[in-house]
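Trainee: Provided below: work39.cif, containing mmCIF, C-alpha atoms.
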data_protein
#
loop_
_atom_site.group_PDB
_atom_site.id
_atom_site.type_symbol
_atom_site.label_atom_id
_atom_site.label_comp_id
_atom_site.auth_asym_id
_atom_site.auth_seq_id
_atom_site.Cartn_x
_atom_site.Cartn_y
_atom_site.Cartn_z
ATOM 1 C CA MET A 197 36.952 41.434 84.112
ATOM 2 C CA ARG A 198 35.628 38.194 85.492
ATOM 3 C CA PRO A 199 32.504 37.874 87.578
ATOM 4 C CA THR A 200 33.004 37.580 91.312
ATOM 5 C CA ALA A 201 32.343 34.215 92.935
ATOM 6 C CA ALA A 202 28.926 35.470 94.037
ATOM 7 C CA GLN A 203 28.066 36.688 90.515
ATOM 8 C CA ALA A 204 29.266 33.427 88.986
ATOM 9 C CA GLU A 205 27.152 31.397 91.402
ATOM 10 C CA THR A 206 24.111 33.600 90.795
ATOM 11 C CA ALA A 207 24.608 33.390 87.021
ATOM 12 C CA ARG A 208 24.384 29.583 87.270
ATOM 13 C CA GLN A 209 20.993 29.783 88.949
ATOM 14 C CA VAL A 210 17.795 29.851 86.985
ATOM 15 C CA PRO A 211 16.143 33.254 87.377
ATOM 16 C CA PRO A 212 12.392 33.656 87.726
ATOM 17 C CA ARG A 213 10.770 34.197 84.319
ATOM 18 C CA ASP A 214 10.001 37.889 84.881
ATOM 19 C CA GLN A 215 13.513 38.591 86.184
ATOM 20 C CA ALA A 216 15.180 36.805 83.254
ATOM 21 C CA ALA A 217 12.999 38.738 80.856
ATOM 22 C CA SER A 218 14.457 42.034 82.106
ATOM 23 C CA GLU A 219 18.105 41.074 82.759
ATOM 24 C CA ILE A 220 20.639 41.357 79.955
ATOM 25 C CA VAL A 221 24.030 39.655 79.785
ATOM 26 C CA VAL A 222 26.681 41.985 78.358
ATOM 27 C CA VAL A 223 29.996 40.596 77.113
ATOM 28 C CA GLY A 224 32.788 42.217 75.130
ATOM 29 C CA ALA A 225 34.117 40.751 71.908
ATOM 30 C CA HIS A 226 37.512 42.142 72.998
ATOM 31 C CA GLY A 227 39.029 44.212 75.774
ATOM 32 C CA GLY A 228 38.225 47.927 75.703
ATOM 33 C CA ALA A 229 34.957 47.484 73.841
ATOM 34 C CA GLY A 230 32.937 49.515 76.355
ATOM 35 C CA THR A 231 31.291 46.503 77.973
ATOM 36 C CA THR A 232 31.217 47.831 81.538
ATOM 37 C CA THR A 233 29.865 51.225 80.501
ATOM 38 C CA LEU A 234 27.160 49.640 78.361
ATOM 39 C CA ALA A 235 26.245 47.199 81.155
ATOM 40 C CA ILE A 236 25.772 50.142 83.515
ATOM 41 C CA LEU A 237 23.562 51.931 80.982
ATOM 42 C CA LEU A 238 21.498 48.761 80.360
ATOM 43 C CA GLN A 239 20.717 47.944 84.012
ATOM 44 C CA PRO A 240 19.585 45.418 85.133
ATOM 45 C CA SER A 241 22.423 43.576 83.452
ATOM 46 C CA TRP A 242 25.356 41.242 83.969
ATOM 47 C CA ASP A 243 28.829 42.411 82.919
ATOM 48 C CA LEU A 244 30.784 39.273 82.008
ATOM 49 C CA GLY A 245 33.870 41.085 80.724
ATOM 50 C CA ALA A 246 35.437 39.941 77.468
ATOM 51 C CA VAL A 247 35.004 36.624 75.657
ATOM 52 C CA ARG A 248 37.771 34.233 76.638
ATOM 53 C CA ARG A 249 39.448 31.625 74.506
ATOM 54 C CA PRO A 250 37.550 28.426 75.379
ATOM 55 C CA THR A 251 39.401 25.477 76.866
ATOM 56 C CA ARG A 252 38.294 21.988 77.815
ATOM 57 C CA ASP A 253 37.663 23.086 81.412
ATOM 58 C CA ARG A 254 36.269 26.545 80.740
ATOM 59 C CA PRO A 255 33.744 27.918 78.229
ATOM 60 C CA CYS A 256 34.287 31.252 76.483
ATOM 61 C CA ILE A 257 31.462 32.849 78.545
ATOM 62 C CA TRP A 258 29.288 31.856 81.496
ATOM 63 C CA PRO A 259 25.923 30.322 80.500
ATOM 64 C CA THR A 260 23.155 32.909 80.175
ATOM 65 C CA TRP A 261 20.254 30.574 81.146
ATOM 66 C CA GLY A 262 17.925 32.308 78.748
ATOM 67 C CA ARG A 263 18.942 35.874 79.514
ATOM 68 C CA PRO A 264 19.529 37.801 76.265
ATOM 69 C CA LEU A 265 23.188 38.227 75.305
ATOM 70 C CA VAL A 266 24.526 41.563 74.072
ATOM 71 C CA LEU A 267 27.964 41.340 72.451
ATOM 72 C CA VAL A 268 29.879 44.640 72.479
ATOM 73 C CA SER A 269 32.530 45.713 69.965
ATOM 74 C CA ARG A 270 34.306 48.893 68.928
ATOM 75 C CA ASN A 271 33.917 49.995 65.324
ATOM 76 C CA THR A 272 37.491 49.323 64.131
ATOM 77 C CA ALA A 273 38.665 46.735 61.601
ATOM 78 C CA MET A 274 40.617 44.781 64.230
ATOM 79 C CA ALA A 275 37.665 44.843 66.613
ATOM 80 C CA ALA A 276 35.394 43.517 63.857
ATOM 81 C CA THR A 277 37.809 40.613 63.288
ATOM 82 C CA ARG A 278 37.772 39.815 67.025
ATOM 83 C CA THR A 279 33.966 40.060 66.979
ATOM 84 C CA ILE A 280 33.734 37.383 64.284
ATOM 85 C CA ALA A 281 35.874 35.078 66.448
ATOM 86 C CA ALA A 282 33.718 35.887 69.493
ATOM 87 C CA VAL A 283 30.471 35.110 67.642
ATOM 88 C CA ASN A 284 31.984 31.810 66.479
ATOM 89 C CA ALA A 285 32.997 30.857 70.031
ATOM 90 C CA ILE A 286 29.669 31.893 71.560
ATOM 91 C CA THR A 287 27.549 30.032 69.007
ATOM 92 C CA ARG A 288 29.753 26.913 69.282
ATOM 93 C CA GLN A 289 28.977 27.012 72.994
ATOM 94 C CA GLY A 290 25.266 26.896 72.152
ATOM 95 C CA GLU A 291 24.443 30.489 73.082
ATOM 96 C CA ARG A 292 22.728 33.022 70.833
ATOM 97 C CA VAL A 293 23.785 36.646 70.347
ATOM 98 C CA ALA A 294 20.632 38.741 70.687
ATOM 99 C CA VAL A 295 22.308 42.065 69.891
ATOM 100 C CA LEU A 296 25.697 43.075 68.556
ATOM 101 C CA ALA A 297 26.334 46.585 69.897
ATOM 102 C CA VAL A 298 28.944 48.382 67.802
ATOM 103 C CA VAL A 299 30.341 51.276 69.857
ATOM 104 C CA SER A 300 31.772 54.237 67.950
ATOM 105 C CA ASP A 301 35.201 55.571 68.832
ATOM 106 C CA GLY A 302 34.256 58.998 67.483
ATOM 107 C CA LEU A 303 35.760 58.475 64.027
ATOM 108 C CA PRO A 304 34.060 57.142 60.890
ATOM 109 C CA GLU A 305 33.773 53.363 60.722
ATOM 110 C CA PRO A 306 36.384 51.877 58.351
ATOM 111 C CA ALA A 307 35.022 50.101 55.264
ATOM 112 C CA ALA A 308 36.651 46.799 56.328
ATOM 113 C CA ALA A 309 34.893 46.948 59.696
ATOM 114 C CA ALA A 310 31.555 47.888 58.140
ATOM 115 C CA TYR A 311 31.802 44.910 55.787
ATOM 116 C CA ARG A 312 32.626 42.472 58.621
ATOM 117 C CA PHE A 313 29.742 43.757 60.742
ATOM 118 C CA GLN A 314 27.439 43.446 57.727
ATOM 119 C CA VAL A 315 28.478 39.780 57.358
ATOM 120 C CA LEU A 316 27.753 39.238 61.068
ATOM 121 C CA ASP A 317 24.284 40.758 60.674
ATOM 122 C CA ALA A 318 23.038 37.383 59.400
ATOM 123 C CA ARG A 319 24.487 35.537 62.421
ATOM 124 C CA VAL A 320 23.086 37.695 65.230
ATOM 125 C CA ASP A 321 19.515 38.768 65.920
ATOM 126 C CA ALA A 322 20.244 42.506 65.625
ATOM 127 C CA VAL A 323 23.099 44.965 65.133
ATOM 128 C CA VAL A 324 22.798 48.329 66.896
ATOM 129 C CA ARG A 325 25.271 51.176 66.458
ATOM 130 C CA VAL A 326 26.067 53.144 69.633
ATOM 131 C CA PRO A 327 27.286 56.689 68.900
ATOM 132 C CA PHE A 328 30.363 58.195 70.505
ATOM 133 C CA ILE A 329 29.310 59.765 73.808
ATOM 134 C CA ALA A 330 31.876 62.439 74.717
ATOM 135 C CA PRO A 331 30.599 63.115 78.282
ATOM 136 C CA LEU A 332 31.419 59.513 79.257
ATOM 137 C CA ARG A 333 35.146 60.259 78.917
ATOM 138 C CA THR A 334 35.130 62.497 82.006
ATOM 139 C CA ALA A 335 32.379 60.843 84.033
ATOM 140 C CA ASP A 336 33.083 58.874 87.182
ATOM 141 C CA ASP A 337 29.702 57.151 86.934
ATOM 142 C CA PRO A 338 28.201 56.480 83.480
ATOM 143 C CA ALA A 339 24.744 56.181 85.051
ATOM 144 C CA GLN A 340 24.893 59.863 86.035
ATOM 145 C CA VAL A 341 25.677 61.156 82.521
ATOM 146 C CA ASP A 342 22.952 63.035 80.685
ATOM 147 C CA LEU A 343 23.029 61.085 77.430
ATOM 148 C CA PRO A 344 22.396 62.751 74.075
ATOM 149 C CA ARG A 345 19.143 61.769 72.343
ATOM 150 C CA ARG A 346 20.894 59.517 69.769
ATOM 151 C CA ALA A 347 22.631 57.616 72.576
ATOM 152 C CA ARG A 348 19.389 57.188 74.551
ATOM 153 C CA ARG A 349 17.721 55.834 71.414
ATOM 154 C CA SER A 350 20.489 53.321 70.760
ATOM 155 C CA ILE A 351 20.442 52.116 74.390
ATOM 156 C CA ALA A 352 16.649 51.741 74.185
ATOM 157 C CA ALA A 353 16.996 49.868 70.873
ATOM 158 C CA ILE A 354 19.524 47.456 72.392
ATOM 159 C CA ARG A 355 17.216 46.708 75.327
ATOM 160 C CA ALA A 356 14.111 46.371 73.138
ATOM 161 C CA ARG A 357 15.769 44.070 70.616
ATOM 162 C CA ALA A 358 17.483 42.029 73.311
ATOM 163 C CA VAL A 359 14.374 41.274 75.341
ATOM 164 C CA ALA A 360 12.145 40.808 72.278
ATOM 165 C CA GLY A 361 13.145 37.176 71.847
ATOM 166 C CA VAL A 362 13.629 36.094 75.472
ATOM 167 C CA THR A 363 12.812 32.488 76.239
ATOM 168 C CA VAL A 364 13.871 31.324 79.662
ATOM 169 C CA GLN A 365 15.622 27.977 79.603
ATOM 170 C CA ALA A 366 16.215 25.712 82.538
ATOM 171 C CA PRO A 367 19.749 24.417 82.926
ATOM 172 C CA LEU A 368 20.357 20.749 82.347
ATOM 173 C CA ILE A 369 21.934 20.460 85.795
ATOM 174 C CA ARG A 370 20.804 22.767 88.536
ATOM 175 C CA THR A 371 23.614 23.827 90.869
ATOM 176 C CA PRO A 372 22.853 24.606 94.503
#
Would you write the structure of this file as structure tokens?

Mentor:
Amino acid sequence: MRPTAAQAETARQVPPRDQAASEIVVVGAHGGAGTTTLAILLQPSWDLGAVRRPTRDRPCIWPTWGRPLVLVSRNTAMAATRTIAAVNAITRQGERVAVLAVVSDGLPEPAAAAYRFQVLDARVDAVVRVPFIAPLRTADDPAQVDLPRRARRSIAAIRARAVAGVTVQAPLIRTP
């Protein structure tokens, strides 16, 4: 999912310091990670979809302009591999991953995935596990779901750890 033209234009603008301190940029390490659902639960936030393969004309993600970046991944071995590639692309672009949110699929995390996420722990500011939330499977609006206590705690931990290190940066070139 790509941002609309209006979202893309707004994302290029420098937010006021207090607004940037509360907004979170949420991007998926791969498709199906749960990015949109997590962005809804972390409002105010920007859902930038999944990390793209960077090209000469296009970066892997839109610039965050100092907003904290939350990278979302499922807890499978393949997802962990894609997350390593996403962290590489994002950091090459000069952005910093404030939180890696690892979303459970309801089954135990495979040892290969756990190892890869442990390796990534040194390259991101924080890793937060998000438990499987069964009521989200049938909900039309994730914001209306009564989250279990563990889920509320993990969402609060993502927000707290994301905004803990916010430093608003001005872009090198301001676009109108």

Trainee: Selected by the PyMOL selection byres ((chain A and resi 227) around 10) in the shown coordinates: which residues, as a PyMOL selection string?

Mentor: chain A and resi 197+223-226+228-231+245-247+268-270+275+278

Trainee: Where does the PyMOL selection byres ((chain A and resi 283) around 9) land in this file, that is, which residues does it pick, as a list in words?

Mentor: Ala225, Leu267, Arg278, Thr279, Ile280, Ala281, Ala282, Asn284, Ala285, Ile286, Thr287, Arg288, Arg292, Val293, Leu316, Arg319 and Val320 of chain A

Trainee: Might you spell out which residues the PyMOL selection byres ((chain A and resi 354) around 12) would select in the displayed file, as a compact mmCIF listing (two decimals) with C-alpha atoms, in the frame of the given file?

Mentor:
# COMPACT_ATOMS: atom_id res chain seq x y z
CA ILE A 220 20.64 41.36 79.96
CA VAL A 221 24.03 39.66 79.78
CA VAL A 222 26.68 41.98 78.36
CA LEU A 234 27.16 49.64 78.36
CA ALA A 235 26.24 47.20 81.16
CA LEU A 237 23.56 51.93 80.98
CA LEU A 238 21.50 48.76 80.36
CA GLN A 239 20.72 47.94 84.01
CA PRO A 264 19.53 37.80 76.26
CA LEU A 265 23.19 38.23 75.31
CA VAL A 266 24.53 41.56 74.07
CA LEU A 267 27.96 41.34 72.45
CA VAL A 268 29.88 44.64 72.48
CA VAL A 293 23.78 36.65 70.35
CA ALA A 294 20.63 38.74 70.69
CA VAL A 295 22.31 42.06 69.89
CA LEU A 296 25.70 43.08 68.56
CA ALA A 297 26.33 46.58 69.90
CA VAL A 298 28.94 48.38 67.80
CA VAL A 299 30.34 51.28 69.86
CA ASP A 321 19.52 38.77 65.92
CA ALA A 322 20.24 42.51 65.62
CA VAL A 323 23.10 44.96 65.13
CA VAL A 324 22.80 48.33 66.90
CA ARG A 325 25.27 51.18 66.46
CA VAL A 326 26.07 53.14 69.63
CA ALA A 347 22.63 57.62 72.58
CA ARG A 348 19.39 57.19 74.55
CA ARG A 349 17.72 55.83 71.41
CA SER A 350 20.49 53.32 70.76
CA ILE A 351 20.44 52.12 74.39
CA ALA A 352 16.65 51.74 74.18
CA ALA A 353 17.00 49.87 70.87
CA ARG A 355 17.22 46.71 75.33
CA ALA A 356 14.11 46.37 73.14
CA ARG A 357 15.77 44.07 70.62
CA ALA A 358 17.48 42.03 73.31
CA VAL A 359 14.37 41.27 75.34
CA ALA A 360 12.14 40.81 72.28

Trainee: Set the distance at 12 Å and use only C-alpha atoms: which residues neighbour Glu305 (chain A) once local chain neighbours fewer than 2 positions away are removed? I'd like the list as an MDAnalysis selection string.

Mentor: chainID A and resid 270:276 298:303 307:313 325:328

Trainee: Would you work out the distance separating CA of Val341 (chain A) from CA of Ser241 (chain A), expressed in Å to one decimal?

Mentor: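 Result for CA of Val341 (chain A) versus CA of Ser241 (chain A): 17.9 Å, one decimal.
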
Trainee: Please report the interatomic distance between CA of Arg249 (chain A) and CA of Glu291 (chain A) in Å with one decimal.

Mentor: 15.1 Å

Trainee: Could you please give me, as a list in words, the residues of protein, DNA or RNA lying at most 7 Å from (26.1, 65.1, 77.8) in the coordinate frame of the file, considering all atoms listed in the file?

Mentor: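 Applying the cut-off with all atoms listed in the file, one gets Pro331, Val341, Asp342, Leu343 and Pro344 of chain A.
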
Trainee: Grab the CA of Thr334 (chain A) to CA of Thr233 (chain A) distance for me, in Å with one decimal place.

Mentor: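 Going from CA of Thr334 (chain A) over to CA of Thr233 (chain A) covers 12.5 Å.
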